[in-house]
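Student: Input structure: run.pdb, which contains PDB, C-alpha atoms.
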```
ATOM      1  CA  MET A   1      31.187 -14.956   4.262  1.00  0.00           C
ATOM      2  CA  SER A   2      29.386 -11.848   3.086  1.00  0.00           C
ATOM      3  CA  THR A   3      25.685 -11.316   3.412  1.00  0.00           C
ATOM      4  CA  ILE A   4      23.719  -9.568   0.727  1.00  0.00           C
ATOM      5  CA  LYS A   5      21.594  -6.802   2.167  1.00  0.00           C
ATOM      6  CA  GLN A   6      17.953  -7.103   1.160  1.00  0.00           C
ATOM      7  CA  PRO A   7      16.270  -3.930  -0.113  1.00  0.00           C
ATOM      8  CA  ASP A   8      14.093  -2.101   2.385  1.00  0.00           C
ATOM      9  CA  TRP A   9      10.883  -1.908   0.381  1.00  0.00           C
ATOM     10  CA  MET A  10       8.995  -0.200   3.198  1.00  0.00           C
ATOM     11  CA  ALA A  11      11.581   2.595   3.072  1.00  0.00           C
ATOM     12  CA  GLU A  12      10.791   3.003  -0.635  1.00  0.00           C
ATOM     13  CA  ALA A  13       7.082   3.238   0.179  1.00  0.00           C
ATOM     14  CA  LEU A  14       7.879   5.826   2.875  1.00  0.00           C
ATOM     15  CA  ILE A  15       9.641   8.019   0.304  1.00  0.00           C
ATOM     16  CA  LEU A  16       6.365   8.060  -1.633  1.00  0.00           C
ATOM     17  CA  ALA A  17       4.378   8.750   1.547  1.00  0.00           C
ATOM     18  CA  GLN A  18       6.583  11.802   2.109  1.00  0.00           C
ATOM     19  CA  LYS A  19       5.817  12.913  -1.441  1.00  0.00           C
ATOM     20  CA  ALA A  20       2.104  12.714  -0.623  1.00  0.00           C
ATOM     21  CA  PHE A  21       2.709  14.672   2.598  1.00  0.00           C
ATOM     22  CA  ASP A  22       4.557  17.370   0.655  1.00  0.00           C
ATOM     23  CA  GLU A  23       1.586  17.632  -1.735  1.00  0.00           C
ATOM     24  CA  ASP A  24      -0.881  17.944   1.170  1.00  0.00           C
ATOM     25  CA  GLU A  25      -2.283  14.448   0.589  1.00  0.00           C
ATOM     26  CA  VAL A  26      -2.733  11.836   3.321  1.00  0.00           C
ATOM     27  CA  PRO A  27       0.800  10.415   3.482  1.00  0.00           C
ATOM     28  CA  VAL A  28       0.511   6.856   2.243  1.00  0.00           C
ATOM     29  CA  GLY A  29       2.937   5.288  -0.198  1.00  0.00           C
ATOM     30  CA  ALA A  30       3.073   1.894  -1.895  1.00  0.00           C
ATOM     31  CA  VAL A  31       5.356  -0.176  -4.096  1.00  0.00           C
ATOM     32  CA  VAL A  32       4.767  -3.429  -5.979  1.00  0.00           C
ATOM     33  CA  ILE A  33       7.728  -5.821  -6.077  1.00  0.00           C
ATOM     34  CA  LYS A  34       8.352  -8.601  -8.599  1.00  0.00           C
ATOM     35  CA  ASP A  35      11.584 -10.591  -8.803  1.00  0.00           C
ATOM     36  CA  GLY A  36      13.369  -8.167  -6.485  1.00  0.00           C
ATOM     37  CA  GLN A  37      12.456  -5.086  -8.529  1.00  0.00           C
ATOM     38  CA  ILE A  38       9.950  -2.287  -8.085  1.00  0.00           C
ATOM     39  CA  ILE A  39       7.429  -2.522 -10.918  1.00  0.00           C
ATOM     40  CA  GLY A  40       4.840  -0.114  -9.528  1.00  0.00           C
ATOM     41  CA  ARG A  41       4.859   2.961  -7.319  1.00  0.00           C
ATOM     42  CA  GLY A  42       2.039   5.012  -5.923  1.00  0.00           C
ATOM     43  CA  TYR A  43       1.014   7.529  -3.336  1.00  0.00           C
ATOM     44  CA  ASN A  44      -2.286   9.105  -2.373  1.00  0.00           C
ATOM     45  CA  LEU A  45      -3.658  11.542  -4.950  1.00  0.00           C
ATOM     46  CA  ARG A  46      -7.303  11.734  -3.860  1.00  0.00           C
ATOM     47  CA  GLU A  47      -7.330  15.470  -3.210  1.00  0.00           C
ATOM     48  CA  SER A  48      -5.330  16.616  -6.219  1.00  0.00           C
ATOM     49  CA  HIS A  49      -7.165  14.282  -8.613  1.00  0.00           C
ATOM     50  CA  SER A  50     -10.600  14.677  -6.979  1.00  0.00           C
ATOM     51  CA  ASP A  51     -10.775  10.890  -7.179  1.00  0.00           C
ATOM     52  CA  PRO A  52     -11.835   8.705  -4.254  1.00  0.00           C
ATOM     53  CA  THR A  53     -10.081   5.706  -5.853  1.00  0.00           C
ATOM     54  CA  ALA A  54      -6.679   7.433  -6.143  1.00  0.00           C
ATOM     55  CA  HIS A  55      -5.199   5.594  -3.153  1.00  0.00           C
ATOM     56  CA  ALA A  56      -1.505   4.681  -3.057  1.00  0.00           C
ATOM     57  CA  GLU A  57      -2.207   0.973  -3.521  1.00  0.00           C
ATOM     58  CA  ILE A  58      -4.415   1.519  -6.561  1.00  0.00           C
ATOM     59  CA  GLN A  59      -1.806   3.802  -8.161  1.00  0.00           C
ATOM     60  CA  ALA A  60       0.966   1.225  -7.561  1.00  0.00           C
ATOM     61  CA  ILE A  61      -1.153  -1.677  -8.847  1.00  0.00           C
ATOM     62  CA  ARG A  62      -2.095   0.247 -12.004  1.00  0.00           C
ATOM     63  CA  GLU A  63       1.519   1.112 -12.760  1.00  0.00           C
ATOM     64  CA  ALA A  64       2.668  -2.468 -12.129  1.00  0.00           C
ATOM     65  CA  CYS A  65       0.002  -3.897 -14.436  1.00  0.00           C
ATOM     66  CA  GLN A  66       0.963  -1.448 -17.173  1.00  0.00           C
ATOM     67  CA  LYS A  67       4.638  -2.306 -16.770  1.00  0.00           C
ATOM     68  CA  ILE A  68       4.155  -6.053 -17.131  1.00  0.00           C
ATOM     69  CA  GLY A  69       1.262  -5.802 -19.598  1.00  0.00           C
ATOM     70  CA  ASN A  70      -1.029  -7.977 -17.515  1.00  0.00           C
ATOM     71  CA  TRP A  71      -3.680  -7.395 -14.846  1.00  0.00           C
ATOM     72  CA  ARG A  72      -2.481 -10.461 -12.937  1.00  0.00           C
ATOM     73  CA  LEU A  73       0.274  -9.579 -10.490  1.00  0.00           C
ATOM     74  CA  ILE A  74       1.099 -13.195  -9.692  1.00  0.00           C
ATOM     75  CA  ASP A  75       4.191 -13.610  -7.485  1.00  0.00           C
ATOM     76  CA  CYS A  76       4.168  -9.895  -6.642  1.00  0.00           C
ATOM     77  CA  THR A  77       4.205  -8.290  -3.217  1.00  0.00           C
ATOM     78  CA  LEU A  78       2.720  -4.925  -2.296  1.00  0.00           C
ATOM     79  CA  PHE A  79       4.427  -2.888   0.426  1.00  0.00           C
ATOM     80  CA  VAL A  80       2.248  -0.062   1.710  1.00  0.00           C
ATOM     81  CA  THR A  81       2.782   2.295   4.624  1.00  0.00           C
ATOM     82  CA  LEU A  82      -0.794   2.020   5.953  1.00  0.00           C
ATOM     83  CA  GLU A  83      -3.153  -0.930   6.270  1.00  0.00           C
ATOM     84  CA  PRO A  84      -5.290  -1.165   3.115  1.00  0.00           C
ATOM     85  CA  CYS A  85      -8.933  -0.104   3.165  1.00  0.00           C
ATOM     86  CA  MET A  86     -11.653  -2.426   1.865  1.00  0.00           C
ATOM     87  CA  MET A  87     -11.374  -1.063  -1.674  1.00  0.00           C
ATOM     88  CA  CYS A  88      -7.614  -1.505  -1.792  1.00  0.00           C
ATOM     89  CA  LEU A  89      -7.627  -4.961  -0.216  1.00  0.00           C
ATOM     90  CA  SER A  90     -10.207  -5.976  -2.840  1.00  0.00           C
ATOM     91  CA  ALA A  91      -7.982  -4.544  -5.590  1.00  0.00           C
ATOM     92  CA  CYS A  92      -5.114  -6.631  -4.215  1.00  0.00           C
ATOM     93  CA  GLN A  93      -7.351  -9.700  -4.396  1.00  0.00           C
ATOM     94  CA  GLN A  94      -8.517  -8.858  -7.924  1.00  0.00           C
ATOM     95  CA  SER A  95      -4.950  -8.322  -9.142  1.00  0.00           C
ATOM     96  CA  ARG A  96      -3.873 -11.687  -7.698  1.00  0.00           C
ATOM     97  CA  LEU A  97      -1.089 -10.325  -5.499  1.00  0.00           C
ATOM     98  CA  LYS A  98       0.849 -12.906  -3.527  1.00  0.00           C
ATOM     99  CA  GLU A  99       1.262 -10.805  -0.392  1.00  0.00           C
ATOM    100  CA  VAL A 100       0.558  -7.416   1.142  1.00  0.00           C
ATOM    101  CA  ILE A 101       2.878  -5.995   3.783  1.00  0.00           C
ATOM    102  CA  TYR A 102       1.815  -2.839   5.601  1.00  0.00           C
ATOM    103  CA  GLY A 103       3.618  -0.553   8.025  1.00  0.00           C
ATOM    104  CA  ALA A 104       0.869   0.906  10.232  1.00  0.00           C
ATOM    105  CA  VAL A 105      -2.511  -0.293  11.432  1.00  0.00           C
ATOM    106  CA  ASP A 106      -5.631   1.707  10.551  1.00  0.00           C
ATOM    107  CA  PRO A 107      -8.206   0.773  13.226  1.00  0.00           C
ATOM    108  CA  LYS A 108     -10.950   2.983  11.739  1.00  0.00           C
ATOM    109  CA  GLY A 109     -10.441   2.343   8.031  1.00  0.00           C
ATOM    110  CA  GLY A 110      -8.242  -0.709   7.579  1.00  0.00           C
ATOM    111  CA  ALA A 111     -10.049  -3.712   6.135  1.00  0.00           C
ATOM    112  CA  ILE A 112      -8.161  -6.220   8.272  1.00  0.00           C
ATOM    113  CA  SER A 113      -8.634  -4.267  11.497  1.00  0.00           C
ATOM    114  CA  LEU A 114     -12.342  -3.978  10.715  1.00  0.00           C
ATOM    115  CA  GLY A 115     -12.610  -7.721  10.068  1.00  0.00           C
ATOM    116  CA  TYR A 116     -13.017  -7.638   6.274  1.00  0.00           C
ATOM    117  CA  LYS A 117     -10.401 -10.265   5.503  1.00  0.00           C
ATOM    118  CA  ILE A 118     -11.281 -10.901   1.863  1.00  0.00           C
ATOM    119  CA  ASN A 119      -7.716 -12.113   1.435  1.00  0.00           C
ATOM    120  CA  GLU A 120      -8.518 -15.154   3.608  1.00  0.00           C
ATOM    121  CA  ASP A 121     -12.090 -15.808   2.463  1.00  0.00           C
ATOM    122  CA  SER A 122     -12.352 -19.380   1.137  1.00  0.00           C
ATOM    123  CA  ARG A 123     -15.363 -18.364  -0.976  1.00  0.00           C
ATOM    124  CA  THR A 124     -13.152 -16.229  -3.225  1.00  0.00           C
ATOM    125  CA  ASN A 125     -11.030 -17.489  -6.100  1.00  0.00           C
ATOM    126  CA  HIS A 126      -7.762 -16.031  -4.784  1.00  0.00           C
ATOM    127  CA  ARG A 127      -6.287 -15.806  -1.319  1.00  0.00           C
ATOM    128  CA  PHE A 128      -3.106 -14.081  -0.221  1.00  0.00           C
ATOM    129  CA  SER A 129      -1.239 -13.235   2.940  1.00  0.00           C
ATOM    130  CA  THR A 130      -1.173  -9.897   4.728  1.00  0.00           C
ATOM    131  CA  ASN A 131       1.481  -9.027   7.251  1.00  0.00           C
ATOM    132  CA  LEU A 132       2.117  -6.080   9.506  1.00  0.00           C
ATOM    133  CA  GLN A 133       5.730  -4.904   9.360  1.00  0.00           C
ATOM    134  CA  GLU A 134       5.469  -2.258  12.046  1.00  0.00           C
ATOM    135  CA  SER A 135       7.104   0.958  10.990  1.00  0.00           C
ATOM    136  CA  ALA A 136       7.527   3.802  13.452  1.00  0.00           C
ATOM    137  CA  GLU A 137       8.209   6.069  10.470  1.00  0.00           C
ATOM    138  CA  ALA A 138       4.892   5.142   8.827  1.00  0.00           C
ATOM    139  CA  GLN A 139       3.029   5.875  12.049  1.00  0.00           C
ATOM    140  CA  ASP A 140       4.967   9.097  12.635  1.00  0.00           C
ATOM    141  CA  ILE A 141       4.330  10.643   9.228  1.00  0.00           C
ATOM    142  CA  LEU A 142       0.583  10.055   9.619  1.00  0.00           C
ATOM    143  CA  LYS A 143       0.588  11.575  13.121  1.00  0.00           C
ATOM    144  CA  ARG A 144       2.519  14.609  11.904  1.00  0.00           C
ATOM    145  CA  PHE A 145       0.192  15.101   8.949  1.00  0.00           C
ATOM    146  CA  PHE A 146      -3.011  14.997  10.973  1.00  0.00           C
ATOM    147  CA  LYS A 147      -1.527  17.111  13.779  1.00  0.00           C
ATOM    148  CA  GLN A 148      -0.605  19.730  11.180  1.00  0.00           C
ATOM    149  CA  LYS A 149      -4.169  19.590   9.793  1.00  0.00           C
ATOM    150  CA  ARG A 150      -5.709  20.032  13.257  1.00  0.00           C
ATOM    151  CA  ASN A 151      -3.427  23.010  13.973  1.00  0.00           C
ATOM    152  CA  LYS A 152      -4.511  24.899  10.836  1.00  0.00           C
TER
END
```
Please render this file's structure as structure tokens.

Tutor:
Amino acid sequence: MSTIKQPDWMAEALILAQKAFDEDEVPVGAVVIKDGQIIGRGYNLRESHSDPTAHAEIQAIREACQKIGNWRLIDCTLFVTLEPCMMCLSACQQSRLKEVIYGAVDPKGGAISLGYKINEDSRTNHRFSTNLQESAEAQDILKRFFKQKRNK
């Protein structure tokens, strides 16, 4: 009996985080998955675009919506290397994602860590799950980036 290996979507997001790192952006990457396929990719572009909304999640959501021709990302999952901020978690809610899986906790900026769990709020019209899939690589690339910044 052979087992089919599932794709490592967090590894795909980490490739994008490395791209951000290489471009001197905070190394966060994200992918949107639908029916076992990547339909959106993104990484931080805040510095290069001078745009505070150019987070990895927003970039991936925008690309996914364009690809399917709809703003509703029903039955889609977002994999992101760092816990989403309040803006990004709200964008996930607005785009009707099914699930968000993140690789590293952000205790100072992550919406979930800070208690802003809009994804669970019964007063909203859409709820979705969030899950931490701890990734040593996601934590490491962030540590390396900020260590490099402090040493400059």

Student: Could you state which residues are captured by the PyMOL selection byres ((chain A and resi 45) around 8) in this file, as a VMD selection string?

Tutor: chain A and resid 20 25 43 to 44 46 to 51 54 to 56

Student: Could you work out how far atom CA of Ser122 of chain A lies from atom CA of Glu99 of chain A, giving the answer in Å with one decimal?

Tutor: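 About the pair atom CA of Glu99 of chain A and atom CA of Ser122 of chain A: they are 16.2 Å apart.
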
Student: Starting from the shown file, work through the PyMOL selection byres ((chain A and resi 15) around 12) and note down what comes out as number ranges by chain.

Tutor: A: 8-14, 16-22, 27-31, 41-43, 80-81, 137-138, 141

Student: Could you tell me which residues the PyMOL selection byres ((chain A and resi 119) around 12) returns for this structure, as a VMD selection string?

Tutor: chain A and resid 84 86 88 to 100 111 to 112 115 to 118 120 to 131

Student: For Phe79 of chain A, which residue out of A:Leu142, A:Val26, A:Ile39, A:Ile101 is the nearest one, using only C-alpha atoms?

Tutor: A:Ile101

Student: Using atom CA of Ala64 of chain A and atom CA of Lys143 of chain A as the two end points, give the distance in Å to one decimal.

Tutor: 29.0 Å

Student: Since the input lacks atoms, please generate N, CA and C atoms for segment 83-113 of chain A and provide them as a PDB file, keeping the file's coordinate frame.

Tutor:
```pdb
ATOM      1  N   GLU A  83      -2.253   0.202   6.513  1.00  0.00           N
ATOM      2  CA  GLU A  83      -3.153  -0.930   6.270  1.00  0.00           C
ATOM      3  C   GLU A  83      -4.177  -0.586   5.189  1.00  0.00           C
ATOM      4  N   PRO A  84      -4.351  -1.449   4.204  1.00  0.00           N
ATOM      5  CA  PRO A  84      -5.290  -1.165   3.115  1.00  0.00           C
ATOM      6  C   PRO A  84      -6.746  -1.087   3.578  1.00  0.00           C
ATOM      7  N   CYS A  85      -7.485  -0.195   2.938  1.00  0.00           N
ATOM      8  CA  CYS A  85      -8.933  -0.104   3.165  1.00  0.00           C
ATOM      9  C   CYS A  85      -9.611  -1.265   2.425  1.00  0.00           C
ATOM     10  N   MET A  86     -10.914  -1.340   2.530  1.00  0.00           N
ATOM     11  CA  MET A  86     -11.653  -2.426   1.865  1.00  0.00           C
ATOM     12  C   MET A  86     -11.479  -2.387   0.350  1.00  0.00           C
ATOM     13  N   MET A  87     -11.533  -1.189  -0.230  1.00  0.00           N
ATOM     14  CA  MET A  87     -11.374  -1.063  -1.674  1.00  0.00           C
ATOM     15  C   MET A  87     -10.002  -1.569  -2.107  1.00  0.00           C
ATOM     16  N   CYS A  88      -8.976  -1.148  -1.402  1.00  0.00           N
ATOM     17  CA  CYS A  88      -7.614  -1.505  -1.792  1.00  0.00           C
ATOM     18  C   CYS A  88      -7.315  -2.980  -1.553  1.00  0.00           C
ATOM     19  N   LEU A  89      -7.824  -3.536  -0.457  1.00  0.00           N
ATOM     20  CA  LEU A  89      -7.627  -4.961  -0.216  1.00  0.00           C
ATOM     21  C   LEU A  89      -8.333  -5.770  -1.306  1.00  0.00           C
ATOM     22  N   SER A  90      -9.498  -5.313  -1.742  1.00  0.00           N
ATOM     23  CA  SER A  90     -10.207  -5.976  -2.840  1.00  0.00           C
ATOM     24  C   SER A  90      -9.420  -5.858  -4.140  1.00  0.00           C
ATOM     25  N   ALA A  91      -8.810  -4.708  -4.386  1.00  0.00           N
ATOM     26  CA  ALA A  91      -7.982  -4.544  -5.590  1.00  0.00           C
ATOM     27  C   ALA A  91      -6.780  -5.482  -5.547  1.00  0.00           C
ATOM     28  N   CYS A  92      -6.226  -5.683  -4.370  1.00  0.00           N
ATOM     29  CA  CYS A  92      -5.114  -6.631  -4.215  1.00  0.00           C
ATOM     30  C   CYS A  92      -5.583  -8.045  -4.554  1.00  0.00           C
ATOM     31  N   GLN A  93      -6.777  -8.389  -4.100  1.00  0.00           N
ATOM     32  CA  GLN A  93      -7.351  -9.700  -4.396  1.00  0.00           C
ATOM     33  C   GLN A  93      -7.611  -9.829  -5.893  1.00  0.00           C
ATOM     34  N   GLN A  94      -8.203  -8.816  -6.499  1.00  0.00           N
ATOM     35  CA  GLN A  94      -8.517  -8.858  -7.924  1.00  0.00           C
ATOM     36  C   GLN A  94      -7.264  -8.940  -8.795  1.00  0.00           C
ATOM     37  N   SER A  95      -6.182  -8.318  -8.347  1.00  0.00           N
ATOM     38  CA  SER A  95      -4.950  -8.322  -9.142  1.00  0.00           C
ATOM     39  C   SER A  95      -4.077  -9.552  -8.875  1.00  0.00           C
ATOM     40  N   ARG A  96      -4.541 -10.406  -7.975  1.00  0.00           N
ATOM     41  CA  ARG A  96      -3.873 -11.687  -7.698  1.00  0.00           C
ATOM     42  C   ARG A  96      -2.498 -11.533  -7.044  1.00  0.00           C
ATOM     43  N   LEU A  97      -2.346 -10.487  -6.226  1.00  0.00           N
ATOM     44  CA  LEU A  97      -1.089 -10.325  -5.499  1.00  0.00           C
ATOM     45  C   LEU A  97      -0.820 -11.537  -4.615  1.00  0.00           C
ATOM     46  N   LYS A  98       0.442 -11.799  -4.390  1.00  0.00           N
ATOM     47  CA  LYS A  98       0.849 -12.906  -3.527  1.00  0.00           C
ATOM     48  C   LYS A  98       0.792 -12.513  -2.058  1.00  0.00           C
ATOM     49  N   GLU A  99       1.146 -11.236  -1.789  1.00  0.00           N
ATOM     50  CA  GLU A  99       1.262 -10.805  -0.392  1.00  0.00           C
ATOM     51  C   GLU A  99       1.139  -9.294  -0.308  1.00  0.00           C
ATOM     52  N   VAL A 100       0.608  -8.838   0.826  1.00  0.00           N
ATOM     53  CA  VAL A 100       0.558  -7.416   1.142  1.00  0.00           C
ATOM     54  C   VAL A 100       1.229  -7.229   2.499  1.00  0.00           C
ATOM     55  N   ILE A 101       2.178  -6.318   2.543  1.00  0.00           N
ATOM     56  CA  ILE A 101       2.878  -5.995   3.783  1.00  0.00           C
ATOM     57  C   ILE A 101       2.634  -4.523   4.059  1.00  0.00           C
ATOM     58  N   TYR A 102       2.138  -4.223   5.264  1.00  0.00           N
ATOM     59  CA  TYR A 102       1.815  -2.839   5.601  1.00  0.00           C
ATOM     60  C   TYR A 102       2.531  -2.406   6.869  1.00  0.00           C
ATOM     61  N   GLY A 103       2.777  -1.089   6.965  1.00  0.00           N
ATOM     62  CA  GLY A 103       3.618  -0.553   8.025  1.00  0.00           C
ATOM     63  C   GLY A 103       2.898  -0.021   9.241  1.00  0.00           C
ATOM     64  N   ALA A 104       1.628   0.348   9.107  1.00  0.00           N
ATOM     65  CA  ALA A 104       0.869   0.906  10.232  1.00  0.00           C
ATOM     66  C   ALA A 104      -0.566   0.404  10.161  1.00  0.00           C
ATOM     67  N   VAL A 105      -1.128   0.161  11.318  1.00  0.00           N
ATOM     68  CA  VAL A 105      -2.511  -0.293  11.432  1.00  0.00           C
ATOM     69  C   VAL A 105      -3.442   0.911  11.300  1.00  0.00           C
ATOM     70  N   ASP A 106      -4.605   0.677  10.681  1.00  0.00           N
ATOM     71  CA  ASP A 106      -5.631   1.707  10.551  1.00  0.00           C
ATOM     72  C   ASP A 106      -6.914   1.179  11.196  1.00  0.00           C
ATOM     73  N   PRO A 107      -7.069   1.379  12.515  1.00  0.00           N
ATOM     74  CA  PRO A 107      -8.206   0.773  13.226  1.00  0.00           C
ATOM     75  C   PRO A 107      -9.576   1.272  12.778  1.00  0.00           C
ATOM     76  N   LYS A 108      -9.655   2.442  12.163  1.00  0.00           N
ATOM     77  CA  LYS A 108     -10.950   2.983  11.739  1.00  0.00           C
ATOM     78  C   LYS A 108     -11.239   2.790  10.258  1.00  0.00           C
ATOM     79  N   GLY A 109     -10.227   2.471   9.467  1.00  0.00           N
ATOM     80  CA  GLY A 109     -10.441   2.343   8.031  1.00  0.00           C
ATOM     81  C   GLY A 109      -9.778   1.146   7.388  1.00  0.00           C
ATOM     82  N   GLY A 110      -8.943   0.447   8.133  1.00  0.00           N
ATOM     83  CA  GLY A 110      -8.242  -0.709   7.579  1.00  0.00           C
ATOM     84  C   GLY A 110      -9.137  -1.932   7.495  1.00  0.00           C
ATOM     85  N   ALA A 111      -9.167  -2.562   6.346  1.00  0.00           N
ATOM     86  CA  ALA A 111     -10.049  -3.712   6.135  1.00  0.00           C
ATOM     87  C   ALA A 111      -9.770  -4.835   7.122  1.00  0.00           C
ATOM     88  N   ILE A 112      -8.519  -5.110   7.378  1.00  0.00           N
ATOM     89  CA  ILE A 112      -8.161  -6.220   8.272  1.00  0.00           C
ATOM     90  C   ILE A 112      -8.563  -5.892   9.702  1.00  0.00           C
ATOM     91  N   SER A 113      -8.254  -4.688  10.145  1.00  0.00           N
ATOM     92  CA  SER A 113      -8.634  -4.267  11.497  1.00  0.00           C
ATOM     93  C   SER A 113     -10.142  -4.304  11.693  1.00  0.00           C
TER      94      SER A 113
END
```
